[in-house]
file upload.cif (mmCIF, C-alpha atoms)
data_query
#
loop_
_atom_site.label_atom_id
_atom_site.label_comp_id
_atom_site.auth_asym_id
_atom_site.auth_seq_id
_atom_site.Cartn_x
_atom_site.Cartn_y
_atom_site.Cartn_z
CA MET A 1 187.44 186.59 161.20
CA ALA A 2 188.27 188.24 157.90
CA PHE A 3 185.23 190.38 157.02
CA ASP A 4 182.63 191.34 159.58
CA LEU A 5 180.13 193.70 157.98
CA HIS A 6 176.80 194.96 159.13
CA VAL A 7 175.85 197.99 157.06
CA SER A 8 172.83 199.75 155.70
CA LYS A 9 172.61 202.73 153.43
CA ARG A 10 169.83 204.52 151.63
CA LEU A 11 170.77 205.58 148.09
CA GLY A 12 167.91 207.34 146.37
CA ASP A 13 164.99 204.92 146.43
CA ALA A 14 167.10 201.86 147.13
CA GLU A 15 167.99 200.55 150.56
CA ILE A 16 171.21 198.59 150.72
CA ALA A 17 171.54 196.30 153.69
CA LEU A 18 174.04 193.55 154.26
CA GLN A 19 175.27 191.48 157.12
CA LEU A 20 178.10 189.02 156.70
CA GLN A 21 180.85 187.37 158.67
CA THR A 22 183.45 185.37 156.82
CA GLY A 23 186.64 183.45 157.43
CA GLU A 24 189.84 183.24 155.39
CA GLY A 25 189.91 183.02 151.63
CA VAL A 26 187.65 184.50 148.98
CA THR A 27 184.21 185.80 149.87
CA VAL A 28 182.07 186.33 146.81
CA LEU A 29 179.08 188.68 146.80
CA VAL A 30 176.49 187.71 144.23
CA GLY A 31 173.22 189.35 143.38
CA PRO A 32 171.31 191.08 140.61
CA SER A 33 172.62 194.36 139.25
CA GLY A 34 171.38 197.28 141.25
CA ALA A 35 171.43 195.31 144.49
CA GLY A 36 174.27 197.46 145.77
CA LYS A 37 177.25 195.11 145.45
CA THR A 38 179.63 197.86 144.34
CA SER A 39 178.26 200.18 147.04
CA VAL A 40 179.21 197.58 149.66
CA LEU A 41 182.80 197.51 148.37
CA HIS A 42 182.83 201.33 148.39
CA MET A 43 181.69 201.32 152.00
CA VAL A 44 184.42 198.87 153.01
CA ALA A 45 187.01 201.00 151.19
CA GLY A 46 185.75 204.17 152.85
CA LEU A 47 184.54 205.85 149.66
CA LEU A 48 180.88 205.68 150.72
CA ARG A 49 179.63 206.26 154.23
CA PRO A 50 177.08 203.78 155.60
CA ASP A 51 174.07 205.25 157.41
CA ARG A 52 174.39 202.69 160.18
CA GLY A 53 176.33 199.64 161.20
CA HIS A 54 179.93 198.56 161.45
CA ILE A 55 182.75 197.43 159.21
CA ARG A 56 185.53 195.28 160.64
CA VAL A 57 188.26 193.59 158.68
CA GLY A 58 190.72 191.20 160.31
CA GLY A 59 189.61 192.38 163.74
CA THR A 60 190.23 196.08 162.97
CA THR A 61 187.24 198.39 163.09
CA LEU A 62 187.19 200.62 160.00
CA PHE A 63 183.73 202.01 160.63
CA GLY A 64 181.56 201.97 163.69
CA GLU A 65 180.27 204.10 166.45
CA SER A 66 182.38 207.28 166.38
CA ILE A 67 184.96 205.55 164.17
CA ASP A 68 185.35 206.35 160.47
CA VAL A 69 188.86 205.58 159.23
CA PRO A 70 189.66 207.67 156.11
CA PRO A 71 190.18 205.61 152.94
CA GLU A 72 193.91 206.29 152.76
CA ARG A 73 194.41 204.57 156.11
CA ARG A 74 192.17 201.55 155.57
CA ARG A 75 194.77 199.61 153.60
CA ALA A 76 192.19 198.36 151.13
CA GLY A 77 193.56 196.95 147.89
CA TYR A 78 190.64 197.96 145.70
CA VAL A 79 190.47 196.79 142.10
CA PHE A 80 187.66 198.78 140.53
CA GLN A 81 185.42 197.45 137.82
CA GLU A 82 186.69 200.09 135.37
CA SER A 83 190.34 199.68 136.48
CA ARG A 84 190.70 203.44 137.10
CA LEU A 85 194.33 203.67 136.03
CA PHE A 86 195.68 207.23 136.17
CA PRO A 87 195.71 208.39 132.52
CA HIS A 88 198.58 210.86 132.97
CA LEU A 89 200.97 208.29 134.44
CA ARG A 90 202.72 205.40 132.74
CA VAL A 91 202.07 201.86 133.93
CA ALA A 92 205.23 201.89 136.07
CA ALA A 93 204.20 205.15 137.75
CA ASN A 94 200.69 203.79 138.29
CA LEU A 95 202.19 200.78 140.04
CA ARG A 96 204.48 203.00 142.11
CA TYR A 97 201.67 205.36 143.15
CA GLY A 98 200.71 203.52 146.31
CA ALA A 99 203.78 201.31 146.58
CA ALA A 100 205.20 201.06 150.08
CA ARG A 101 208.30 199.25 148.81
CA THR A 102 209.23 199.93 145.19
CA ALA A 103 211.48 196.87 145.30
CA ALA A 104 208.36 194.72 145.29
CA ILE A 105 207.31 195.99 141.84
CA ASP A 106 209.40 193.44 139.96
CA GLY A 107 207.91 190.51 141.84
CA VAL A 108 204.32 191.70 141.42
CA ALA A 109 204.87 192.56 137.75
CA ASP A 110 206.19 189.05 137.29
CA LEU A 111 203.28 187.46 139.15
CA LEU A 112 200.77 189.28 136.92
CA ASP A 113 202.80 189.08 133.71
CA ILE A 114 202.87 192.85 133.12
CA THR A 115 206.64 193.44 133.08
CA HIS A 116 206.57 194.18 129.35
CA LEU A 117 203.92 196.89 129.91
CA LEU A 118 205.81 199.07 132.37
CA ASP A 119 206.66 201.84 129.87
CA ARG A 120 203.20 201.96 128.30
CA TRP A 121 200.45 204.53 128.82
CA PRO A 122 197.14 203.27 130.25
CA ARG A 123 195.11 204.21 127.18
CA THR A 124 197.21 201.87 125.02
CA LEU A 125 196.40 198.82 127.17
CA SER A 126 193.78 196.20 126.37
CA GLY A 127 191.05 195.57 128.95
CA GLY A 128 192.83 192.51 130.33
CA GLU A 129 196.18 194.28 130.55
CA ALA A 130 194.63 197.28 132.31
CA LYS A 131 192.89 194.97 134.76
CA ARG A 132 196.13 193.17 135.60
CA VAL A 133 197.93 196.49 136.09
CA ALA A 134 195.10 197.63 138.38
CA ILE A 135 195.44 194.41 140.41
CA GLY A 136 199.20 194.97 140.61
CA ARG A 137 198.75 198.58 141.71
CA ALA A 138 196.37 197.48 144.48
CA LEU A 139 198.71 194.68 145.62
CA LEU A 140 201.69 197.04 145.80
CA SER A 141 199.94 199.45 148.16
CA ASP A 142 200.62 196.93 150.93
CA PRO A 143 196.94 196.10 151.45
CA ALA A 144 195.52 194.29 154.44
CA PHE A 145 192.73 192.90 152.26
CA LEU A 146 191.53 193.00 148.65
CA LEU A 147 188.27 194.26 147.16
CA LEU A 148 187.63 193.04 143.63
CA ASP A 149 184.70 194.40 141.61
CA GLU A 150 183.82 192.18 138.66
CA PRO A 151 187.50 191.46 138.03
CA THR A 152 186.86 189.52 134.82
CA ALA A 153 183.99 191.50 133.34
CA SER A 154 184.67 192.71 129.78
CA LEU A 155 187.51 190.19 129.35
CA ASP A 156 187.52 187.36 126.87
CA ARG A 157 187.57 183.81 128.16
CA ALA A 158 191.33 183.29 128.04
CA ARG A 159 192.06 186.60 129.77
CA ALA A 160 189.40 185.94 132.37
CA ALA A 161 191.04 182.60 133.15
CA GLU A 162 194.38 184.41 133.59
CA VAL A 163 192.92 186.88 136.03
CA GLU A 164 191.19 184.07 137.93
CA ARG A 165 194.52 182.26 138.23
CA ALA A 166 196.10 185.45 139.54
CA ILE A 167 193.35 185.78 142.16
CA LEU A 168 193.88 182.20 143.34
CA ASP A 169 197.62 182.84 143.44
CA ILE A 170 197.06 185.89 145.64
CA ARG A 171 194.75 183.92 147.90
CA ASP A 172 197.21 181.07 148.36
CA ARG A 173 200.59 182.83 148.27
CA LEU A 174 199.86 186.19 149.86
CA ARG A 175 197.03 184.90 152.11
CA LEU A 176 195.06 188.14 151.81
CA PRO A 177 191.36 188.09 152.63
CA ILE A 178 189.45 188.88 149.45
CA LEU A 179 185.95 190.31 149.08
CA MET A 180 184.82 189.99 145.50
CA VAL A 181 181.75 190.97 143.52
CA THR A 182 180.62 189.06 140.46
CA HIS A 183 177.41 188.39 138.61
CA ASP A 184 178.89 185.19 137.15
CA ARG A 185 177.61 182.25 139.24
CA ALA A 186 180.03 179.77 137.72
CA GLN A 187 182.96 182.01 138.57
CA ALA A 188 181.62 182.41 142.09
CA GLU A 189 181.60 178.62 142.44
CA ARG A 190 185.17 178.33 141.11
CA LEU A 191 186.75 180.99 143.32
CA ALA A 192 184.67 181.32 146.45
CA THR A 193 185.47 180.01 149.86
CA GLN A 194 182.09 181.45 150.76
CA VAL A 195 179.25 182.88 148.69
CA VAL A 196 176.99 185.60 150.06
CA GLU A 197 173.75 186.60 148.35
CA ILE A 198 172.71 190.21 148.35
CA GLY A 199 169.46 191.89 147.32
CA MET B 1 208.02 252.63 115.90
CA THR B 2 209.22 255.23 118.35
CA PRO B 3 210.77 254.43 121.75
CA GLU B 4 207.56 255.74 123.36
CA GLU B 5 205.52 253.22 121.41
CA TRP B 6 207.81 250.36 122.43
CA GLY B 7 207.41 251.60 126.00
CA ILE B 8 203.64 251.32 125.64
CA VAL B 9 204.00 247.72 124.48
CA ALA B 10 206.35 246.89 127.35
CA LEU B 11 203.96 248.46 129.86
CA SER B 12 200.99 246.56 128.40
CA LEU B 13 202.86 243.27 128.66
CA ARG B 14 203.97 244.00 132.21
CA VAL B 15 200.41 244.91 133.28
CA GLY B 16 199.08 241.82 131.51
CA PHE B 17 201.59 239.39 133.04
CA VAL B 18 201.32 240.76 136.57
CA ALA B 19 197.52 240.91 136.42
CA THR B 20 197.29 237.33 135.15
CA LEU B 21 199.82 235.81 137.54
CA ALA B 22 198.39 237.59 140.57
CA THR B 23 194.82 236.65 139.65
CA LEU B 24 195.61 232.99 138.91
CA PRO B 25 195.76 231.67 142.49
CA VAL B 26 192.64 233.64 143.44
CA ALA B 27 190.82 232.37 140.36
CA PHE B 28 191.87 228.80 141.11
CA ALA B 29 190.70 228.99 144.72
CA ILE B 30 187.32 230.40 143.69
CA ALA B 31 186.98 227.90 140.85
CA TRP B 32 187.71 225.08 143.28
CA LEU B 33 185.13 226.38 145.73
CA LEU B 34 182.49 226.67 143.01
CA ALA B 35 183.33 223.28 141.46
CA ARG B 36 183.60 221.25 144.65
CA GLY B 37 182.10 223.25 147.48
CA ARG B 38 178.62 222.81 148.85
CA PHE B 39 177.64 225.66 151.07
CA PRO B 40 174.78 228.11 151.48
CA GLY B 41 175.28 231.33 149.55
CA LYS B 42 177.27 229.64 146.80
CA ILE B 43 175.06 231.18 144.14
CA LEU B 44 175.75 234.63 145.60
CA ILE B 45 179.54 234.16 145.39
CA GLU B 46 179.09 232.90 141.85
CA ALA B 47 177.08 236.00 140.92
CA ILE B 48 179.63 238.39 142.46
CA VAL B 49 182.56 236.70 140.70
CA TYR B 50 180.83 236.84 137.32
CA LEU B 51 179.60 240.41 137.84
CA PRO B 52 182.52 242.18 136.06
CA LEU B 53 181.60 240.19 132.96
CA VAL B 54 178.17 241.83 132.67
CA VAL B 55 178.41 245.13 134.51
CA PRO B 56 179.65 248.07 132.37
CA PRO B 57 183.45 248.22 132.85
CA VAL B 58 183.12 251.88 133.78
CA VAL B 59 181.11 250.84 136.82
CA THR B 60 183.74 248.29 137.85
CA GLY B 61 186.45 250.93 137.46
CA TRP B 62 184.51 253.45 139.49
CA LEU B 63 183.86 250.93 142.29
CA LEU B 64 187.58 250.17 142.34
CA LEU B 65 188.28 253.89 142.58
CA LEU B 66 185.89 254.22 145.52
CA ALA B 67 187.54 251.25 147.22
CA PHE B 68 191.12 252.44 146.77
CA ALA B 69 190.57 256.18 147.16
CA PRO B 70 191.86 257.73 150.40
CA GLY B 71 189.19 257.08 153.02
CA GLY B 72 187.87 254.05 151.13
CA PRO B 73 188.02 250.50 152.54
CA LEU B 74 191.38 249.90 150.81
CA GLY B 75 192.47 253.55 151.06
CA VAL B 76 195.76 252.74 152.78
CA LEU B 77 196.96 251.41 149.43
CA SER B 78 195.96 254.51 147.46
CA ASP B 79 199.51 255.89 147.05
CA GLY B 80 200.78 252.68 145.50
CA VAL B 81 197.80 252.13 143.24
CA LEU B 82 196.11 255.31 142.00
CA PHE B 83 197.48 256.59 138.66
CA ARG B 84 200.07 253.78 138.80
CA TRP B 85 200.67 250.73 136.64
CA THR B 86 199.83 248.55 139.66
CA GLY B 87 196.33 250.02 139.58
CA ALA B 88 196.07 249.18 135.90
CA ALA B 89 197.07 245.61 136.76
CA ILE B 90 194.39 245.44 139.48
CA ALA B 91 191.72 246.65 137.04
CA ALA B 92 192.88 244.15 134.41
CA GLY B 93 192.95 241.33 136.98
CA VAL B 94 189.44 242.03 138.24
CA MET B 95 188.11 242.10 134.68
CA ALA B 96 189.94 238.87 133.79
CA LEU B 97 188.86 237.02 136.94
CA PRO B 98 185.46 235.76 135.75
CA LEU B 99 186.88 234.37 132.51
CA MET B 100 189.66 232.58 134.36
CA VAL B 101 187.33 231.22 137.03
CA ARG B 102 184.96 229.87 134.40
CA ALA B 103 187.64 228.06 132.40
CA ILE B 104 189.37 226.63 135.47
CA ARG B 105 186.11 225.61 137.07
CA LEU B 106 185.10 223.64 133.98
CA SER B 107 188.44 221.84 133.95
CA ILE B 108 188.18 220.93 137.65
CA GLU B 109 184.63 219.67 137.10
CA ALA B 110 185.89 217.56 134.20
CA VAL B 111 188.34 215.64 136.40
CA ASP B 112 187.07 212.10 136.94
CA ARG B 113 186.48 211.97 140.68
CA ARG B 114 186.59 208.19 140.60
CA LEU B 115 190.33 208.52 139.97
CA GLU B 116 190.62 210.57 143.14
CA GLY B 117 188.80 207.81 145.03
CA ALA B 118 191.19 205.25 143.60
CA ALA B 119 194.15 207.36 144.76
CA ARG B 120 192.68 207.56 148.26
CA THR B 121 192.43 203.77 148.52
CA LEU B 122 196.10 203.60 147.47
CA GLY B 123 197.07 205.53 150.58
CA ALA B 124 197.11 209.12 149.30
CA GLY B 125 195.65 211.77 151.61
CA PRO B 126 193.56 214.67 150.24
CA TRP B 127 196.59 216.93 149.56
CA ARG B 128 198.57 214.30 147.73
CA VAL B 129 195.49 213.49 145.67
CA PHE B 130 195.20 217.18 144.78
CA TRP B 131 198.85 217.58 143.70
CA THR B 132 199.26 214.28 141.90
CA ILE B 133 195.83 213.66 140.37
CA THR B 134 193.46 216.64 140.35
CA LEU B 135 195.92 219.38 139.45
CA PRO B 136 197.75 217.56 136.63
CA LEU B 137 194.44 216.44 135.11
CA SER B 138 193.00 219.96 135.18
CA LEU B 139 196.13 221.55 133.75
CA PRO B 140 194.82 222.07 130.18
CA GLY B 141 191.88 224.12 131.45
CA LEU B 142 194.14 225.97 133.83
CA LEU B 143 196.34 226.95 130.92
CA ALA B 144 193.39 227.94 128.75
CA GLY B 145 192.06 230.11 131.56
CA THR B 146 195.43 231.76 132.03
CA VAL B 147 195.80 232.65 128.35
CA LEU B 148 192.23 233.91 128.23
CA GLY B 149 192.90 236.06 131.28
CA PHE B 150 196.10 237.42 129.76
CA ALA B 151 194.37 238.29 126.49
CA ARG B 152 191.54 239.99 128.39
CA SER B 153 194.09 241.96 130.45
CA LEU B 154 195.82 243.25 127.32
CA GLY B 155 192.52 244.54 125.97
CA GLU B 156 191.27 246.11 129.21
CA PHE B 157 190.07 249.66 128.67
CA GLY B 158 186.97 250.92 130.47
CA ALA B 159 187.72 249.91 134.05
CA THR B 160 191.35 251.01 133.73
CA ILE B 161 190.72 254.50 132.39
CA THR B 162 188.03 255.09 135.02
CA PHE B 163 190.08 253.72 137.89
CA VAL B 164 193.62 254.97 137.22
CA SER B 165 193.15 257.40 134.33
CA ASN B 166 195.28 257.59 131.18
CA VAL B 167 198.81 258.42 132.38
CA PRO B 168 201.58 257.93 129.79
CA GLY B 169 204.27 255.63 131.15
CA GLN B 170 202.13 254.45 134.07
CA THR B 171 198.61 253.46 133.08
CA GLN B 172 198.60 254.12 129.34
CA THR B 173 198.46 250.57 127.96
CA LEU B 174 197.89 249.83 124.26
CA PRO B 175 194.10 250.38 124.18
CA LEU B 176 194.40 253.61 126.18
CA ALA B 177 197.21 254.86 123.94
CA ILE B 178 195.14 254.12 120.85
CA TYR B 179 192.22 256.00 122.36
CA ALA B 180 194.51 258.95 123.18
CA ALA B 181 195.92 258.96 119.65
CA LEU B 182 192.44 259.00 118.16
CA GLN B 183 191.66 262.16 120.14
CA ARG B 184 194.38 264.02 118.22
CA PRO B 185 193.85 265.37 114.66
CA ASP B 186 197.18 263.88 113.53
CA GLY B 187 196.95 260.64 115.51
CA ASP B 188 195.67 258.28 112.83
CA ALA B 189 199.10 256.96 111.89
CA ILE B 190 200.01 256.27 115.51
CA ALA B 191 196.64 254.63 116.16
CA LEU B 192 197.11 252.45 113.11
CA ARG B 193 200.59 251.31 114.19
CA LEU B 194 199.45 250.61 117.75
CA SER B 195 196.37 248.77 116.53
CA ALA B 196 198.49 246.56 114.30
CA LEU B 197 200.73 245.92 117.28
CA SER B 198 197.74 244.94 119.46
CA VAL B 199 196.60 242.46 116.87
CA ALA B 200 200.13 241.03 116.61
CA VAL B 201 200.50 240.62 120.39
CA ALA B 202 197.06 239.02 120.74
CA LEU B 203 197.74 236.71 117.82
CA ALA B 204 201.08 235.65 119.30
CA ALA B 205 199.41 234.87 122.63
CA LEU B 206 196.68 232.80 120.99
CA VAL B 207 199.13 230.86 118.82
CA ALA B 208 201.38 230.21 121.81
CA SER B 209 198.46 228.95 123.85
CA GLU B 210 197.24 226.71 121.04
CA LEU B 211 200.72 225.22 120.63
CA LEU B 212 201.02 224.67 124.38
CA ALA B 213 197.58 223.11 124.55
CA ARG B 214 198.45 220.75 121.71
CA ARG B 215 201.68 219.72 123.34
CA MET B 216 199.85 219.17 126.59
CA ARG B 217 197.14 217.10 124.95
CA ALA B 218 199.83 215.06 123.24
CA ALA B 219 201.59 214.61 126.58
CA MET B 220 198.35 213.46 128.17
CA VAL B 221 197.71 210.98 125.43
CA HIS B 222 201.12 209.70 124.42
CA GLY B 223 203.43 210.85 127.14
CA VAL B 224 205.90 213.68 127.32
#
call {"tool": "encode", "arguments": {"input": "upload.cif", "output": "structure tokens"}}
result
Amino acid sequence: MAFDLHVSKRLGDAEIALQLQTGEGVTVLVGPSGAGKTSVLHMVAGLLRPDRGHIRVGGTTLFGESIDVPPERRRAGYVFQESRLFPHLRVAANLRYGAARTAAIDGVADLLDITHLLDRWPRTLSGGEAKRVAIGRALLSDPAFLLLDEPTASLDRARAAEVERAILDIRDRLRLPILMVTHDRAQAERLATQVVEIG
Amino acid sequence: MTPEEWGIVALSLRVGFVATLATLPVAFAIAWLLARGRFPGKILIEAIVYLPLVVPPVVTGWLLLLAFAPGGPLGVLSDGVLFRWTGAAIAAGVMALPLMVRAIRLSIEAVDRRLEGAARTLGAGPWRVFWTITLPLSLPGLLAGTVLGFARSLGEFGATITFVSNVPGQTQTLPLAIYAALQRPDGDAIALRLSALSVAVALAALVASELLARRMRAAMVHGV
């Protein structure tokens, strides 16, 4: 089993609750904004603590009774909605930040077509470029699974198609379980092995 | 300019540098606590740290004197501090502390914590996040706070004269020397020269900090 989540969390007036169990491939979370999709990804990454429940990925318990693995040891490859590149580091240094093997940078840069961006500063990148760098940075941290938050939001159609191709490539070539959030139903249909409704 | 006057400048700079450098780590630790900490009594710590900013400097100087006088809580240090340049540096550091804490605290609060979260998911533990993300991103404010603290140290008067008196060669920094000159019927010329010197030193510090800040902003934006 790839993702086995049973979490609930009260955030202000909203109660986020989700239970899902998925197999290999891409699991897509869909639901209206404010339903807590991003909060679920944060909980899986360890950036937000659930009130109750458990989080297991690939058979490893990341959160449960008396277990709360810190985010740096969860091996989550998290691609945030706003990319979150480090503004004081060049693209190459951003990629290297979590890289277990720096030798892998060339291959990943090639896969995502960002080799020509390595010397650039994050603020000079377009939205699509920044997103691809963020995906590369997450991949290079030797993740056990990927969390993608609206990976194609704010991209034009051509760029969105590129990122979608990269996601499918990662699914098929690297065989990483992927938990993805989108509000785009058509995209969910195109990419998902399984769709889960939330909210 | 006489050799004595150059000596006053050298002493002022020494007191200013030592006060600023010694206060910096303390100011950073307090700023961090106030920016990130959540604990009962936080408002009390905040009030105490900012106290020297609002209390008359004479009071601060007198409290320091009580603390460091023989028999006081820090009395064991009295020989090394009272009527010595080290005491002047302590007075300057205490007076500069609130300004430094405020500037550094603002810069720590301005760091985007989402970037720290991103670094955690990339495998960085809390210390690595601090050294590689939080500290570099708060560097401009850290620098601003340091310059502000240095400038404040150079101008320190009330707490210093109360705490360690006005001893030529030991505690007589620029402001104290100007004050001493003004007490003498023939001191106007000296006071004028020393005042001009104070303005020049302060101006140089401000220009240097502005240049550094610009370079740092440029480095943040375009790269070093």
call {"tool": "closest_residue", "arguments": {"input": "upload.cif", "among": "B:Ala213, B:Ile43, B:Leu115, B:Leu135", "to": "chain A", "atoms": "only C-alpha atoms"}}
result
B:Leu115
call {"tool": "closest_atom_pairs", "arguments": {"input": "upload.cif", "of": "chain B", "to": "chain A", "cutoff": "6 Å", "atoms": "only C-alpha atoms", "output": "JSON lines"}}
result
{"residue": "B:Leu115", "atom": "CA", "partner": "A:Arg84", "partner_atom": "CA", "distance": 5.8}
{"residue": "B:Arg120", "atom": "CA", "partner": "A:Glu72", "partner_atom": "CA", "distance": 4.8}
{"residue": "B:Thr121", "atom": "CA", "partner": "A:Glu72", "partner_atom": "CA", "distance": 5.1}
{"residue": "B:Leu122", "atom": "CA", "partner": "A:Gly98", "partner_atom": "CA", "distance": 4.8}
{"residue": "B:Gly123", "atom": "CA", "partner": "A:Glu72", "partner_atom": "CA", "distance": 3.9}
{"residue": "B:Ala124", "atom": "CA", "partner": "A:Glu72", "partner_atom": "CA", "distance": 5.5}
{"residue": "B:Gly125", "atom": "CA", "partner": "A:Glu72", "partner_atom": "CA", "distance": 5.9}
{"residue": "B:Met220", "atom": "CA", "partner": "A:His88", "partner_atom": "CA", "distance": 5.5}
call {"tool": "write_last_selection", "arguments": {"input": "upload.cif", "atoms": "C-alpha atoms", "output": "short mmCIF file (atom, residue, chain, number, x, y, z; two decimals), in the frame of the given file"}}
result
data_model
loop_
_atom_site.label_atom_id
_atom_site.label_comp_id
_atom_site.auth_asym_id
_atom_site.auth_seq_id
_atom_site.Cartn_x
_atom_site.Cartn_y
_atom_site.Cartn_z
CA LEU B 115 190.33 208.52 139.97
CA ARG B 120 192.68 207.56 148.26
CA THR B 121 192.43 203.77 148.52
CA LEU B 122 196.10 203.60 147.47
CA GLY B 123 197.07 205.53 150.58
CA ALA B 124 197.11 209.12 149.30
CA GLY B 125 195.65 211.77 151.61
CA MET B 220 198.35 213.46 128.17
#
call {"tool": "resolve_selection", "arguments": {"input": "upload.cif", "expression": "the PyMOL selection byres ((chain B and resi 193) around 12)", "output": "list of chain:residue names"}}
result
B:Met1, B:Thr2, B:Glu5, B:Trp6, B:Ile8, B:Val9, B:Leu174, B:Pro175, B:Ala177, B:Ile178, B:Ala181, B:Leu182, B:Gly187, B:Asp188, B:Ala189, B:Ile190, B:Ala191, B:Leu192, B:Leu194, B:Ser195, B:Ala196, B:Leu197, B:Ser198, B:Val199, B:Ala200
call {"tool": "residues_around", "arguments": {"input": "upload.cif", "residues": "A:Thr27", "least_positions_apart": "3", "cutoff": "10 Å", "atoms": "all atoms listed in the file", "output": "list in words"}}
result
Ala2, Phe3, Leu20, Gln21, Thr22, Gly23, Glu24, Val30, Leu147, Pro177, Ile178, Leu179, Met180, Val181, Ala188, Leu191, Ala192, Thr193, Gln194, Val195 and Val196 of chain A
call {"tool": "resolve_selection", "arguments": {"input": "upload.cif", "expression": "the PyMOL selection byres ((chain B and resi 15) around 9)", "output": "ChimeraX atom specification"}}
result
/B:10-14,16-20,85-86,88-90,92,153-154,171,173
call {"tool": "closest_residue", "arguments": {"input": "upload.cif", "among": "A:Ser126, A:Ser39, A:Thr115, A:Thr102", "to": "A:Leu155", "atoms": "all atoms listed in the file"}}
result
A:Ser126
call {"tool": "atom_distance", "arguments": {"input": "upload.cif", "atom1": "atom CA of A:Arg132", "atom2": "atom CA of B:Val111"}}
result
23.8 Å
call {"tool": "residues_around", "arguments": {"input": "upload.cif", "residues": "B:Ala144", "least_positions_apart": "4", "cutoff": "9 Å", "atoms": "all atoms listed in the file", "output": "PyMOL selection string"}}
result
chain B and resi 100+103-104+139-140+148-149+209-210+213
call {"tool": "resolve_selection", "arguments": {"input": "upload.cif", "expression": "the PyMOL selection byres ((chain A and resi 170-174) around 10)", "output": "PyMOL selection string"}}
result
chain A and resi 24-26+111+139+146+164-169+175-178+191
call {"tool": "closest_residue", "arguments": {"input": "upload.cif", "among": "A:Asp4, A:Asp184, A:Asp106, A:Glu129", "to": "A:Gly64", "atoms": "all atoms listed in the file"}}
result
A:Asp4
call {"tool": "residues_near_point", "arguments": {"input": "upload.cif", "point": "(207.5, 194.0, 139.5)", "cutoff": "9 Å", "atoms": "all atoms listed in the file", "output": "list of chain:residue names"}}
result
A:Ala92, A:Leu95, A:Thr102, A:Ala103, A:Ala104, A:Ile105, A:Asp106, A:Gly107, A:Val108, A:Ala109, A:Asp110, A:Leu111, A:Leu112, A:Asp113, A:Ile114, A:Thr115, A:Leu118, A:Gly136
call {"tool": "residues_around", "arguments": {"input": "upload.cif", "residues": "A:Thr61", "least_positions_apart": "6", "cutoff": "10 Å", "atoms": "all atoms listed in the file", "output": "list in words"}}
result
Asp4, Leu5, His54, Ile55, Ile67, Asp68, Val69 and Arg74 of chain A
call {"tool": "write_last_selection", "arguments": {"input": "upload.cif", "atoms": "C-alpha atoms", "output": "CSV table (one decimal), in the frame of the given file"}}
result
chain,number,residue,atom,x,y,z
A,4,ASP,CA,182.6,191.3,159.6
A,5,LEU,CA,180.1,193.7,158.0
A,54,HIS,CA,179.9,198.6,161.4
A,55,ILE,CA,182.8,197.4,159.2
A,67,ILE,CA,185.0,205.6,164.2
A,68,ASP,CA,185.4,206.4,160.5
A,69,VAL,CA,188.9,205.6,159.2
A,74,ARG,CA,192.2,201.6,155.6
call {"tool": "closest_residue", "arguments": {"input": "upload.cif", "among": "B:Pro98, B:Leu143, B:Ala27, B:Leu51", "to": "B:Arg214", "atoms": "all atoms listed in the file"}}
result
B:Leu143
call {"tool": "atom_distance", "arguments": {"input": "upload.cif", "atom1": "atom CA of B:Leu99", "atom2": "atom CA of B:Ser78"}}
result
26.7 Å
call {"tool": "residues_around", "arguments": {"input": "upload.cif", "residues": "B:Phe68", "least_positions_apart": "3", "cutoff": "10 Å", "atoms": "all atoms listed in the file", "output": "VMD selection string"}}
result
chain B and resid 62 to 65 71 to 82 87 163
call {"tool": "closest_residue", "arguments": {"input": "upload.cif", "among": "A:Ala144, A:Arg101, A:Ser8, A:Gln19", "to": "A:Val57", "atoms": "only C-alpha atoms"}}
result
A:Ala144
call {"tool": "closest_residue", "arguments": {"input": "upload.cif", "among": "A:Met1, A:Val133, A:Ala186, A:Leu11", "to": "A:Asp51", "atoms": "all atoms listed in the file"}}
result
A:Leu11
call {"tool": "residues_around", "arguments": {"input": "upload.cif", "residues": "B:Leu53", "least_positions_apart": "3", "cutoff": "10 Å", "atoms": "only C-alpha atoms", "output": "PyMOL selection string"}}
result
chain B and resi 48-50+56-57+60+94-99
call {"tool": "atom_distance", "arguments": {"input": "upload.cif", "atom1": "atom CA of A:Asp156", "atom2": "atom CA of A:His116"}}
result
20.4 Å
call {"tool": "decode", "arguments": {"input": "upload.cif", "residues": "stretch 169-174 of chain A", "atoms": "N, CA and C atoms", "output": "mmCIF file, in the first residue's frame"}}
result
data_model
loop_
_atom_site.group_PDB
_atom_site.id
_atom_site.type_symbol
_atom_site.label_atom_id
_atom_site.label_comp_id
_atom_site.auth_asym_id
_atom_site.auth_seq_id
_atom_site.Cartn_x
_atom_site.Cartn_y
_atom_site.Cartn_z
ATOM 1 N N ASP A 169 6.322 10.891 -16.239
ATOM 2 C CA ASP A 169 7.666 10.335 -16.351
ATOM 3 C C ASP A 169 8.153 9.825 -15.003
ATOM 4 N N ILE A 170 7.934 10.649 -13.969
ATOM 5 C CA ILE A 170 8.379 10.280 -12.621
ATOM 6 C C ILE A 170 7.622 9.043 -12.156
ATOM 7 N N ARG A 171 6.326 9.029 -12.446
ATOM 8 C CA ARG A 171 5.506 7.883 -12.039
ATOM 9 C C ARG A 171 6.027 6.593 -12.680
ATOM 10 N N ASP A 172 6.325 6.683 -13.987
ATOM 11 C CA ASP A 172 6.653 5.456 -14.726
ATOM 12 C C ASP A 172 8.118 5.069 -14.584
ATOM 13 N N ARG A 173 9.024 6.086 -14.572
ATOM 14 C CA ARG A 173 10.447 5.734 -14.564
ATOM 15 C C ARG A 173 10.996 5.595 -13.159
ATOM 16 N N LEU A 174 10.574 6.450 -12.251
ATOM 17 C CA LEU A 174 11.116 6.380 -10.891
ATOM 18 C C LEU A 174 10.221 5.569 -9.957
#
